[in-house]
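Have a look at the structure below, then the notes.
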Amino acid sequence: MRRHRHTTLGAIAVIALSLLLAAAVLGPLLWGAAAARVDMDAALRAAQSGHAFGTDDLGRDVLARVMVATRLSIGLALLATLISVALGALAGGLPAVLGVRAARLVTAAIDLAMTFPGLLLVLVLAVIFGAGATGAVLAVGVAGAPSFARLTRNLAATVAAKDYVAAARLFRVGRGRLLARHILPNIAEPLVVNATIGAGQALLAFAGLSFLGLGVQSPAYDWGRLLNEGLNNIYVNPSAALAPAAAIVFAGITFSLVGEALAQILGVRRSLARPPRPVDSPGSEASEDAPESVVSVADLTVAVPGDGSYITVVDGISLEIGPGERVGLVGESGSGKSLTALAVAGLLGATAHVRAGRLLVAGTDLLAMTGRRRRRSLGSSVSMVFQDPLTSLNPALRIGAQLAEVSRVHHGLPRASALGRAVDRLRSVHIPAPHHRVRQYPHELSGGMRQRVMIAMGLMGEPEVVIADEPTTALDVSVQRRILRLLRELSSGSGAALLLISHDMAAIAGACDRVLVMYCGSVVEDLPVDRLTTSALHPYTRALVAAVPTMATARDLPLATIPGRQPHPRERPAGCAFAARCAHADERCRHERPVLTPQADHHLVACWHPRHPEDEA
């Protein structure tokens, strides 16, 4: 504010707005008597001493009436703008929280409203609502709502994709609360800027209605009505029409200048991308009875839209995780690890096509439950720690408010009790001075502390499953070690199952009991963690282990790498997906796809030629 106040634009905006507000507040007090004084002997006088803009047909001073009309003109324009913003924000934010069909219906209604010319819509609504100030306010307010709705829809679509919104969805925050606390506050700045500019347009529209006789009615008057009266006598006293016209132009320019100044201060970019069109998600197969597992997944397939058709990115995964078990999920980027975790957490968007023979998480059948029932069931039983805690936490809310929200929504705790629980959970993840931290915003914490806050948020309920998606990314090794140790302690102490996703084989080896290796959307090996470095059977698993340097790695030799690249999901071959990069592949590998087959106790591998390390010697 201090920096921009001294710019030319900022200074002009401040001065103009100050003059406009002073006129609105002081106008009726200073010029009220002169505006109401009738003097027939002075009727229709031109500009002269004592009457800067002349008089009207009753001898009343035109300038005094313009100054008095400032309060009503500005007040009605701001009220109409408030209605536009309120309706537009609500309508534009709904597609981000509604289901696919309802979102499409709201979006279609917004697009349909935008096809009507604004002035024509104002006139039609003014006739519907009736002549008068109330009808004009409603007409201008409703007519301005579609433009704010479209802006809000585009902004909300970008915010709805953020991790902190996904975290709120995971904790099953209701749609209204999700919109009011997590989406709209984070798009408020561009809305405020556009509302300020829109106030000038609302002022002009309102003056036009009053000029046509559809706005303010006698004996009240605003600038539009004064303009109408001045034009009736323009050949006798032209200055009588000039004064209200100048006031309208001045106020409109002032609102535009303030909006531009706010845009500079807030750094708002006007170019907004249209959100992707939602695609209906086909139904899933019926679920079957599940074994005694916290997570039980059978034949999970996830497809996403791309290039005009669906692309299968997770292909036939089966997964069982028992209570208290710690399972690692490893693989190269693009192998489908995160999509698998999001499907397990029930967080995939409506555009994803999910099928499974069974998809049970913490006793909830995700294939059979939708909407409110799923939110109520999974709200506090599944916790997810996202990859980047800075984007996973809402930047507009304090740490304590975000943690307390879980207990307030799902456990019905009052604000004070929920905040006390948040302090206790921060203490449990070894954050110092938790009473102080709950009053801070996410940007005030270090990366390691933000990650601990995300873990504490998951512990606000009684999670049966903790899903950690690359929780140590961008953290230094000492902080990584503490985060992994914390996850291991929490799983052991609470009995919650842990699904840890990582590229770091060393992290998986130190934190998990069992490892699932994914390649090109499928699990190629499932083995106990103590066999990872010594008894892995799949060539891809052994290549991943070999690519991790150790203290014994020869420094004079190049680091081990895996030749080639992972095929695109659309280019997945008919046989083994790793065949093109495998030195032991034959014709069978290239044309026949292997399936997971038991090799030893709790060890499965999908390979036609599983090779023990001693076979490589």
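Labels for the structure tokens follow display order: chains A, B, ..., residues from 1 in each chain, ligands from 1.
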
Within 12 Å of segment 83-93 of chain A: each segment 101-191 of chain A residue with its shortest pair, only C-alpha atoms, as a Markdown table:
| residue | atom | partner | partner_atom | distance |
| --- | --- | --- | --- | --- |
| A:Ala102 | CA | A:Ala91 | CA | 11.4 |
| A:Ala103 | CA | A:Gly93 | CA | 9.6 |
| A:Arg104 | CA | A:Gly92 | CA | 11.5 |
| A:Leu105 | CA | A:Ala91 | CA | 10.8 |
| A:Val106 | CA | A:Ala91 | CA | 7.0 |
| A:Thr107 | CA | A:Gly92 | CA | 7.8 |
| A:Ala108 | CA | A:Ala91 | CA | 11.1 |
| A:Ala109 | CA | A:Ala91 | CA | 9.2 |
| A:Ile110 | CA | A:Ala91 | CA | 7.8 |
| A:Asp111 | CA | A:Gly92 | CA | 10.7 |
| A:Ala113 | CA | A:Gly88 | CA | 11.4 |
| A:Met114 | CA | A:Gly88 | CA | 11.8 |
| A:Ala136 | CA | A:Ile83 | CA | 11.9 |
| A:Val137 | CA | A:Ile83 | CA | 8.5 |
| A:Leu138 | CA | A:Ile83 | CA | 7.6 |
| A:Ala139 | CA | A:Ser84 | CA | 9.8 |
| A:Val140 | CA | A:Ser84 | CA | 7.9 |
| A:Gly141 | CA | A:Ser84 | CA | 4.5 |
| A:Val142 | CA | A:Ser84 | CA | 5.8 |
| A:Ala143 | CA | A:Ser84 | CA | 7.4 |
| A:Gly144 | CA | A:Ser84 | CA | 5.1 |
| A:Ala145 | CA | A:Ser84 | CA | 4.1 |
| A:Pro146 | CA | A:Gly88 | CA | 5.9 |
| A:Ser147 | CA | A:Gly88 | CA | 7.2 |
| A:Phe148 | CA | A:Gly88 | CA | 4.7 |
| A:Ala149 | CA | A:Gly88 | CA | 3.8 |
| A:Arg150 | CA | A:Gly92 | CA | 5.9 |
| A:Leu151 | CA | A:Gly92 | CA | 7.2 |
| A:Thr152 | CA | A:Gly92 | CA | 4.8 |
| A:Arg153 | CA | A:Gly92 | CA | 4.1 |
| A:Asn154 | CA | A:Gly92 | CA | 7.9 |
| A:Leu155 | CA | A:Gly93 | CA | 8.6 |
| A:Ala156 | CA | A:Gly93 | CA | 6.0 |
| A:Ala157 | CA | A:Gly93 | CA | 8.3 |
| A:Thr158 | CA | A:Gly93 | CA | 11.2 |
| A:Val159 | CA | A:Gly93 | CA | 10.3 |
| A:Ala160 | CA | A:Gly93 | CA | 9.6 |
| A:Arg175 | CA | A:Gly93 | CA | 10.2 |
| A:Gly176 | CA | A:Gly93 | CA | 9.9 |
| A:Arg177 | CA | A:Gly93 | CA | 11.8 |
| A:Leu178 | CA | A:Gly93 | CA | 10.0 |
| A:Leu179 | CA | A:Gly93 | CA | 6.7 |
| A:Ala180 | CA | A:Gly93 | CA | 9.2 |
| A:Arg181 | CA | A:Gly93 | CA | 11.8 |
| A:His182 | CA | A:Gly93 | CA | 11.0 |
| A:Ile183 | CA | A:Gly93 | CA | 7.8 |
| A:Leu184 | CA | A:Gly93 | CA | 7.4 |
| A:Pro185 | CA | A:Ala89 | CA | 10.8 |
| A:Asn186 | CA | A:Gly93 | CA | 11.7 |
| A:Ile187 | CA | A:Ala89 | CA | 9.8 |
| A:Ala188 | CA | A:Ala89 | CA | 9.6 |
| A:Pro190 | CA | A:Val85 | CA | 11.6 |
| A:Leu191 | CA | A:Val85 | CA | 7.9 |

Selection above as a file: C-alpha atoms, as a compact mmCIF listing (two decimals), in the first residue's frame:
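Once everything was written out, this is again.txt:
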# COMPACT_ATOMS: atom_id res chain seq x y z
CA ALA A 102 -25.41 -30.26 -11.22
CA ALA A 103 -22.17 -28.45 -12.09
CA ARG A 104 -22.98 -28.73 -15.79
CA LEU A 105 -26.46 -27.33 -15.20
CA VAL A 106 -25.15 -24.32 -13.24
CA THR A 107 -22.41 -23.71 -15.82
CA ALA A 108 -24.93 -23.85 -18.67
CA ALA A 109 -27.17 -21.35 -16.85
CA ILE A 110 -24.22 -18.95 -16.41
CA ASP A 111 -23.23 -19.26 -20.07
CA ALA A 113 -27.14 -15.57 -19.03
CA MET A 114 -23.91 -14.24 -20.53
CA ALA A 136 -33.76 -0.74 -10.24
CA VAL A 137 -31.30 -2.01 -7.60
CA LEU A 138 -32.52 -5.58 -8.11
CA ALA A 139 -32.41 -5.23 -11.90
CA VAL A 140 -28.85 -3.88 -11.99
CA GLY A 141 -27.69 -6.34 -9.32
CA VAL A 142 -29.13 -9.44 -10.99
CA ALA A 143 -28.02 -8.33 -14.47
CA GLY A 144 -24.43 -7.92 -13.25
CA ALA A 145 -24.31 -11.32 -11.54
CA PRO A 146 -23.48 -13.47 -14.64
CA SER A 147 -20.17 -11.72 -15.29
CA PHE A 148 -19.09 -12.20 -11.66
CA ALA A 149 -20.35 -15.79 -11.81
CA ARG A 150 -18.18 -16.57 -14.83
CA LEU A 151 -15.15 -14.95 -13.19
CA THR A 152 -15.77 -16.84 -9.95
CA ARG A 153 -16.25 -20.12 -11.80
CA ASN A 154 -12.90 -19.79 -13.58
CA LEU A 155 -11.06 -18.74 -10.42
CA ALA A 156 -12.74 -21.43 -8.28
CA ALA A 157 -11.80 -24.11 -10.80
CA THR A 158 -8.10 -23.34 -10.30
CA VAL A 159 -8.38 -23.21 -6.51
CA ALA A 160 -10.49 -26.40 -6.34
CA ARG A 175 -19.95 -28.34 0.36
CA GLY A 176 -21.09 -25.07 1.89
CA ARG A 177 -18.18 -24.93 4.30
CA LEU A 178 -15.76 -25.96 1.56
CA LEU A 179 -16.97 -23.08 -0.61
CA ALA A 180 -17.12 -20.47 2.15
CA ARG A 181 -13.83 -21.28 3.93
CA HIS A 182 -11.51 -22.86 1.39
CA ILE A 183 -12.44 -21.57 -2.07
CA LEU A 184 -14.00 -18.10 -1.94
CA PRO A 185 -11.49 -16.57 0.55
CA ASN A 186 -8.63 -17.56 -1.75
CA ILE A 187 -10.15 -15.83 -4.79
CA ALA A 188 -11.34 -12.75 -2.92
CA PRO A 190 -9.53 -10.53 -7.95
CA LEU A 191 -13.22 -10.46 -7.02

- Backbone DSSP call of helix (DSSP H, G or I) for segment 266-495 of chain A, listed as a PyMOL selection string: chain A and resi 266+337-345+371-378+389-392+399-410+415-428+434-437+442-444+447-458+477-494

- Message: Taking 5 positions as the minimum chain separation for residues in the same chain, which residues sit within 9 Å of segment 466-483 of chain A when counting only C-alpha atoms? Answer as a PyMOL selection string.
- Response: chain A and resi 337-338+341-342+344-345+381-389+447-448+451-452+455+458+488+491+496-504+507

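Using only C-alpha atoms, the nearest neighbour of Ile197 of chain A within the list A:Leu484, A:Leu19, A:Ala77, A:Leu329 is A:Ala77.
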
- Message: Applying 9 Å and only C-alpha atoms, which residues near segment 21-28 of chain A remain after dropping the ones on its own chain fewer than 3 positions away? List them as number ranges by chain.
- Response: A: 16-18, 31-33, 35, 64-75

Residues of the last selection are to be written out with N, CA, C and O atoms, as a PDB file, in the first residue's frame.
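Result written to again_33.pdb:
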ATOM      1  N   ALA A  16      -9.325  11.080  -5.682  1.00  0.00           N
ATOM      2  CA  ALA A  16     -10.665  11.042  -6.269  1.00  0.00           C
ATOM      3  C   ALA A  16     -11.645  10.320  -5.364  1.00  0.00           C
ATOM      4  O   ALA A  16     -12.794  10.766  -5.177  1.00  0.00           O
ATOM      5  N   LEU A  17     -11.224   9.200  -4.780  1.00  0.00           N
ATOM      6  CA  LEU A  17     -12.119   8.460  -3.894  1.00  0.00           C
ATOM      7  C   LEU A  17     -12.431   9.268  -2.637  1.00  0.00           C
ATOM      8  O   LEU A  17     -13.572   9.257  -2.148  1.00  0.00           O
ATOM      9  N   SER A  18     -11.457   9.990  -2.122  1.00  0.00           N
ATOM     10  CA  SER A  18     -11.680  10.815  -0.938  1.00  0.00           C
ATOM     11  C   SER A  18     -12.705  11.909  -1.225  1.00  0.00           C
ATOM     12  O   SER A  18     -13.608  12.175  -0.414  1.00  0.00           O
ATOM     13  N   TRP A  31     -25.348  20.986   1.653  1.00  0.00           N
ATOM     14  CA  TRP A  31     -26.129  21.559   0.560  1.00  0.00           C
ATOM     15  C   TRP A  31     -27.616  21.182   0.610  1.00  0.00           C
ATOM     16  O   TRP A  31     -28.364  21.503  -0.300  1.00  0.00           O
ATOM     17  N   GLY A  32     -28.047  20.507   1.654  1.00  0.00           N
ATOM     18  CA  GLY A  32     -29.440  20.065   1.720  1.00  0.00           C
ATOM     19  C   GLY A  32     -30.439  21.198   1.670  1.00  0.00           C
ATOM     20  O   GLY A  32     -31.450  21.140   0.944  1.00  0.00           O
ATOM     21  N   ALA A  33     -30.187  22.278   2.421  1.00  0.00           N
ATOM     22  CA  ALA A  33     -31.120  23.404   2.461  1.00  0.00           C
ATOM     23  C   ALA A  33     -31.199  24.099   1.115  1.00  0.00           C
ATOM     24  O   ALA A  33     -32.291  24.429   0.618  1.00  0.00           O
ATOM     25  N   ALA A  35     -30.543  22.856  -1.789  1.00  0.00           N
ATOM     26  CA  ALA A  35     -31.150  21.974  -2.788  1.00  0.00           C
ATOM     27  C   ALA A  35     -32.673  21.951  -2.677  1.00  0.00           C
ATOM     28  O   ALA A  35     -33.374  21.736  -3.674  1.00  0.00           O
ATOM     29  N   ALA A  64     -26.186  22.220  -5.881  1.00  0.00           N
ATOM     30  CA  ALA A  64     -26.547  21.705  -4.557  1.00  0.00           C
ATOM     31  C   ALA A  64     -27.306  20.391  -4.683  1.00  0.00           C
ATOM     32  O   ALA A  64     -27.081  19.448  -3.914  1.00  0.00           O
ATOM     33  N   ARG A  65     -28.207  20.295  -5.665  1.00  0.00           N
ATOM     34  CA  ARG A  65     -28.967  19.048  -5.843  1.00  0.00           C
ATOM     35  C   ARG A  65     -28.059  17.902  -6.299  1.00  0.00           C
ATOM     36  O   ARG A  65     -28.240  16.754  -5.894  1.00  0.00           O
ATOM     37  N   VAL A  66     -27.042  18.202  -7.127  1.00  0.00           N
ATOM     38  CA  VAL A  66     -26.088  17.175  -7.550  1.00  0.00           C
ATOM     39  C   VAL A  66     -25.284  16.669  -6.356  1.00  0.00           C
ATOM     40  O   VAL A  66     -25.062  15.455  -6.193  1.00  0.00           O
ATOM     41  N   MET A  67     -24.842  17.585  -5.481  1.00  0.00           N
ATOM     42  CA  MET A  67     -24.067  17.168  -4.310  1.00  0.00           C
ATOM     43  C   MET A  67     -24.915  16.345  -3.346  1.00  0.00           C
ATOM     44  O   MET A  67     -24.453  15.343  -2.783  1.00  0.00           O
ATOM     45  N   VAL A  68     -26.175  16.724  -3.167  1.00  0.00           N
ATOM     46  CA  VAL A  68     -27.064  15.965  -2.287  1.00  0.00           C
ATOM     47  C   VAL A  68     -27.346  14.583  -2.862  1.00  0.00           C
ATOM     48  O   VAL A  68     -27.443  13.590  -2.134  1.00  0.00           O
ATOM     49  N   ALA A  69     -27.468  14.510  -4.197  1.00  0.00           N
ATOM     50  CA  ALA A  69     -27.787  13.234  -4.854  1.00  0.00           C
ATOM     51  C   ALA A  69     -26.621  12.262  -4.831  1.00  0.00           C
ATOM     52  O   ALA A  69     -26.795  11.075  -5.150  1.00  0.00           O
ATOM     53  N   THR A  70     -25.418  12.721  -4.451  1.00  0.00           N
ATOM     54  CA  THR A  70     -24.239  11.853  -4.447  1.00  0.00           C
ATOM     55  C   THR A  70     -24.446  10.656  -3.533  1.00  0.00           C
ATOM     56  O   THR A  70     -24.138   9.509  -3.899  1.00  0.00           O
ATOM     57  N   ARG A  71     -24.966  10.895  -2.323  1.00  0.00           N
ATOM     58  CA  ARG A  71     -25.123   9.796  -1.367  1.00  0.00           C
ATOM     59  C   ARG A  71     -26.048   8.720  -1.908  1.00  0.00           C
ATOM     60  O   ARG A  71     -25.717   7.518  -1.865  1.00  0.00           O
ATOM     61  N   LEU A  72     -27.205   9.109  -2.451  1.00  0.00           N
ATOM     62  CA  LEU A  72     -28.162   8.121  -2.951  1.00  0.00           C
ATOM     63  C   LEU A  72     -27.612   7.414  -4.180  1.00  0.00           C
ATOM     64  O   LEU A  72     -27.726   6.187  -4.315  1.00  0.00           O
ATOM     65  N   SER A  73     -26.973   8.164  -5.085  1.00  0.00           N
ATOM     66  CA  SER A  73     -26.460   7.560  -6.321  1.00  0.00           C
ATOM     67  C   SER A  73     -25.373   6.534  -6.022  1.00  0.00           C
ATOM     68  O   SER A  73     -25.393   5.407  -6.549  1.00  0.00           O
ATOM     69  N   ILE A  74     -24.414   6.927  -5.177  1.00  0.00           N
ATOM     70  CA  ILE A  74     -23.318   6.011  -4.844  1.00  0.00           C
ATOM     71  C   ILE A  74     -23.843   4.829  -4.023  1.00  0.00           C
ATOM     72  O   ILE A  74     -23.457   3.675  -4.240  1.00  0.00           O
ATOM     73  N   GLY A  75     -24.708   5.112  -3.065  1.00  0.00           N
ATOM     74  CA  GLY A  75     -25.234   4.044  -2.208  1.00  0.00           C
ATOM     75  C   GLY A  75     -25.987   2.991  -2.984  1.00  0.00           C
ATOM     76  O   GLY A  75     -25.799   1.775  -2.772  1.00  0.00           O
TER      77      GLY A  75
END

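From atom CA of Arg225 of chain A back to atom CA of Ala52 of chain A, the distance works out to 19.3 Å.
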
- Near-Pro549 of chain A list (12 Å; only C-alpha atoms; drop same-chain fewer than 2 positions) as a list in words: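 Once the adjacent positions are removed, what remains is Asp504, Met505, Ala506, Ala543, Leu544, Val545, Ala546, Ala547, Met551, Ala552, Thr553, Ala554, Arg555, Leu557, Pro558, Leu559, Ala560 and Thr561 of chain A.
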
- Query: segment 392-409 of chain A: which residues within 8 Å, counting only C-alpha atoms, same-chain residues fewer than 5 positions away excluded, as a PyMOL selection string?
  - Reply: chain A and resi 162-167+171+173+182+185-186+380+386-387+414-415+418-419+421-423+437-443+453-454+456-457+460-461

Output N, CA and C atoms of each residue in that selection to a file, as a compact mmCIF listing (two decimals), in the first residue's frame.
# COMPACT_ATOMS: atom_id res chain seq x y z
N LYS A 162 -6.34 -27.36 -5.89
CA LYS A 162 -5.23 -27.29 -4.95
C LYS A 162 -5.32 -28.42 -3.93
N ASP A 163 -4.15 -28.75 -3.37
CA ASP A 163 -4.08 -29.85 -2.42
C ASP A 163 -4.84 -29.56 -1.13
N TYR A 164 -4.87 -28.27 -0.70
CA TYR A 164 -5.56 -28.00 0.56
C TYR A 164 -7.07 -28.18 0.42
N VAL A 165 -7.60 -27.99 -0.80
CA VAL A 165 -9.01 -28.29 -1.03
C VAL A 165 -9.22 -29.79 -1.04
N ALA A 166 -8.26 -30.53 -1.64
CA ALA A 166 -8.35 -31.99 -1.61
C ALA A 166 -8.28 -32.50 -0.18
N ALA A 167 -7.44 -31.85 0.64
CA ALA A 167 -7.35 -32.25 2.05
C ALA A 167 -8.68 -32.02 2.76
N PHE A 171 -11.24 -34.86 4.50
CA PHE A 171 -11.82 -34.83 5.83
C PHE A 171 -13.33 -34.62 5.78
N VAL A 173 -15.33 -32.30 4.57
CA VAL A 173 -15.94 -31.01 4.88
C VAL A 173 -17.12 -30.80 3.93
N HIS A 182 -12.72 -22.41 2.08
CA HIS A 182 -11.51 -22.86 1.39
C HIS A 182 -11.39 -22.36 -0.05
N PRO A 185 -12.50 -17.47 -0.04
CA PRO A 185 -11.49 -16.57 0.55
C PRO A 185 -10.20 -16.50 -0.25
N ASN A 186 -9.88 -17.54 -0.99
CA ASN A 186 -8.63 -17.56 -1.75
C ASN A 186 -8.77 -16.98 -3.15
N SER A 380 -13.05 -39.10 9.17
CA SER A 380 -11.99 -39.11 10.18
C SER A 380 -11.23 -40.42 10.22
N PHE A 386 -0.03 -34.90 1.93
CA PHE A 386 0.28 -34.62 0.53
C PHE A 386 1.74 -34.26 0.33
N GLN A 387 2.12 -34.16 -0.94
CA GLN A 387 3.53 -34.00 -1.29
C GLN A 387 4.08 -32.64 -0.90
N PRO A 414 -17.13 -27.89 20.19
CA PRO A 414 -17.16 -26.43 20.12
C PRO A 414 -15.80 -25.88 19.75
N ARG A 415 -15.76 -24.61 19.39
CA ARG A 415 -14.52 -24.01 18.89
C ARG A 415 -13.35 -24.17 19.88
N ALA A 418 -12.17 -27.82 20.14
CA ALA A 418 -11.50 -28.23 18.91
C ALA A 418 -10.11 -27.62 18.81
N LEU A 419 -9.97 -26.36 19.25
CA LEU A 419 -8.66 -25.73 19.22
C LEU A 419 -7.72 -26.38 20.23
N ARG A 421 -7.83 -29.48 21.10
CA ARG A 421 -7.43 -30.75 20.49
C ARG A 421 -6.34 -30.53 19.44
N ALA A 422 -6.45 -29.41 18.71
CA ALA A 422 -5.43 -29.10 17.71
C ALA A 422 -4.07 -28.87 18.37
N VAL A 423 -4.07 -28.16 19.50
CA VAL A 423 -2.81 -27.94 20.23
C VAL A 423 -2.22 -29.27 20.68
N ARG A 437 1.94 -21.84 17.74
CA ARG A 437 1.85 -22.23 16.33
C ARG A 437 0.42 -22.20 15.81
N VAL A 438 -0.56 -22.49 16.65
CA VAL A 438 -1.94 -22.51 16.16
C VAL A 438 -2.41 -21.14 15.70
N ARG A 439 -1.72 -20.08 16.13
CA ARG A 439 -2.11 -18.73 15.73
C ARG A 439 -1.35 -18.25 14.49
N GLN A 440 -0.48 -19.09 13.95
CA GLN A 440 0.32 -18.69 12.79
C GLN A 440 -0.32 -19.19 11.49
N TYR A 441 0.12 -18.57 10.39
CA TYR A 441 -0.31 -18.98 9.05
C TYR A 441 0.73 -19.94 8.46
N PRO A 442 0.36 -20.74 7.46
CA PRO A 442 1.30 -21.73 6.90
C PRO A 442 2.63 -21.15 6.45
N HIS A 443 2.61 -19.94 5.86
CA HIS A 443 3.87 -19.39 5.34
C HIS A 443 4.85 -19.02 6.45
N VAL A 453 2.44 -30.47 10.54
CA VAL A 453 1.07 -29.96 10.69
C VAL A 453 0.10 -30.81 9.87
N MET A 454 0.50 -31.20 8.64
CA MET A 454 -0.35 -32.05 7.82
C MET A 454 -0.59 -33.40 8.50
N ALA A 456 -0.44 -33.90 11.77
CA ALA A 456 -1.30 -33.60 12.92
C ALA A 456 -2.74 -33.44 12.50
N MET A 457 -2.98 -32.86 11.31
CA MET A 457 -4.34 -32.70 10.82
C MET A 457 -5.00 -34.06 10.62
N MET A 460 -6.39 -35.55 13.84
CA MET A 460 -7.48 -34.89 14.55
C MET A 460 -8.65 -35.86 14.75
N GLY A 461 -8.78 -36.83 13.86
CA GLY A 461 -9.76 -37.89 14.07
C GLY A 461 -9.07 -39.12 14.63
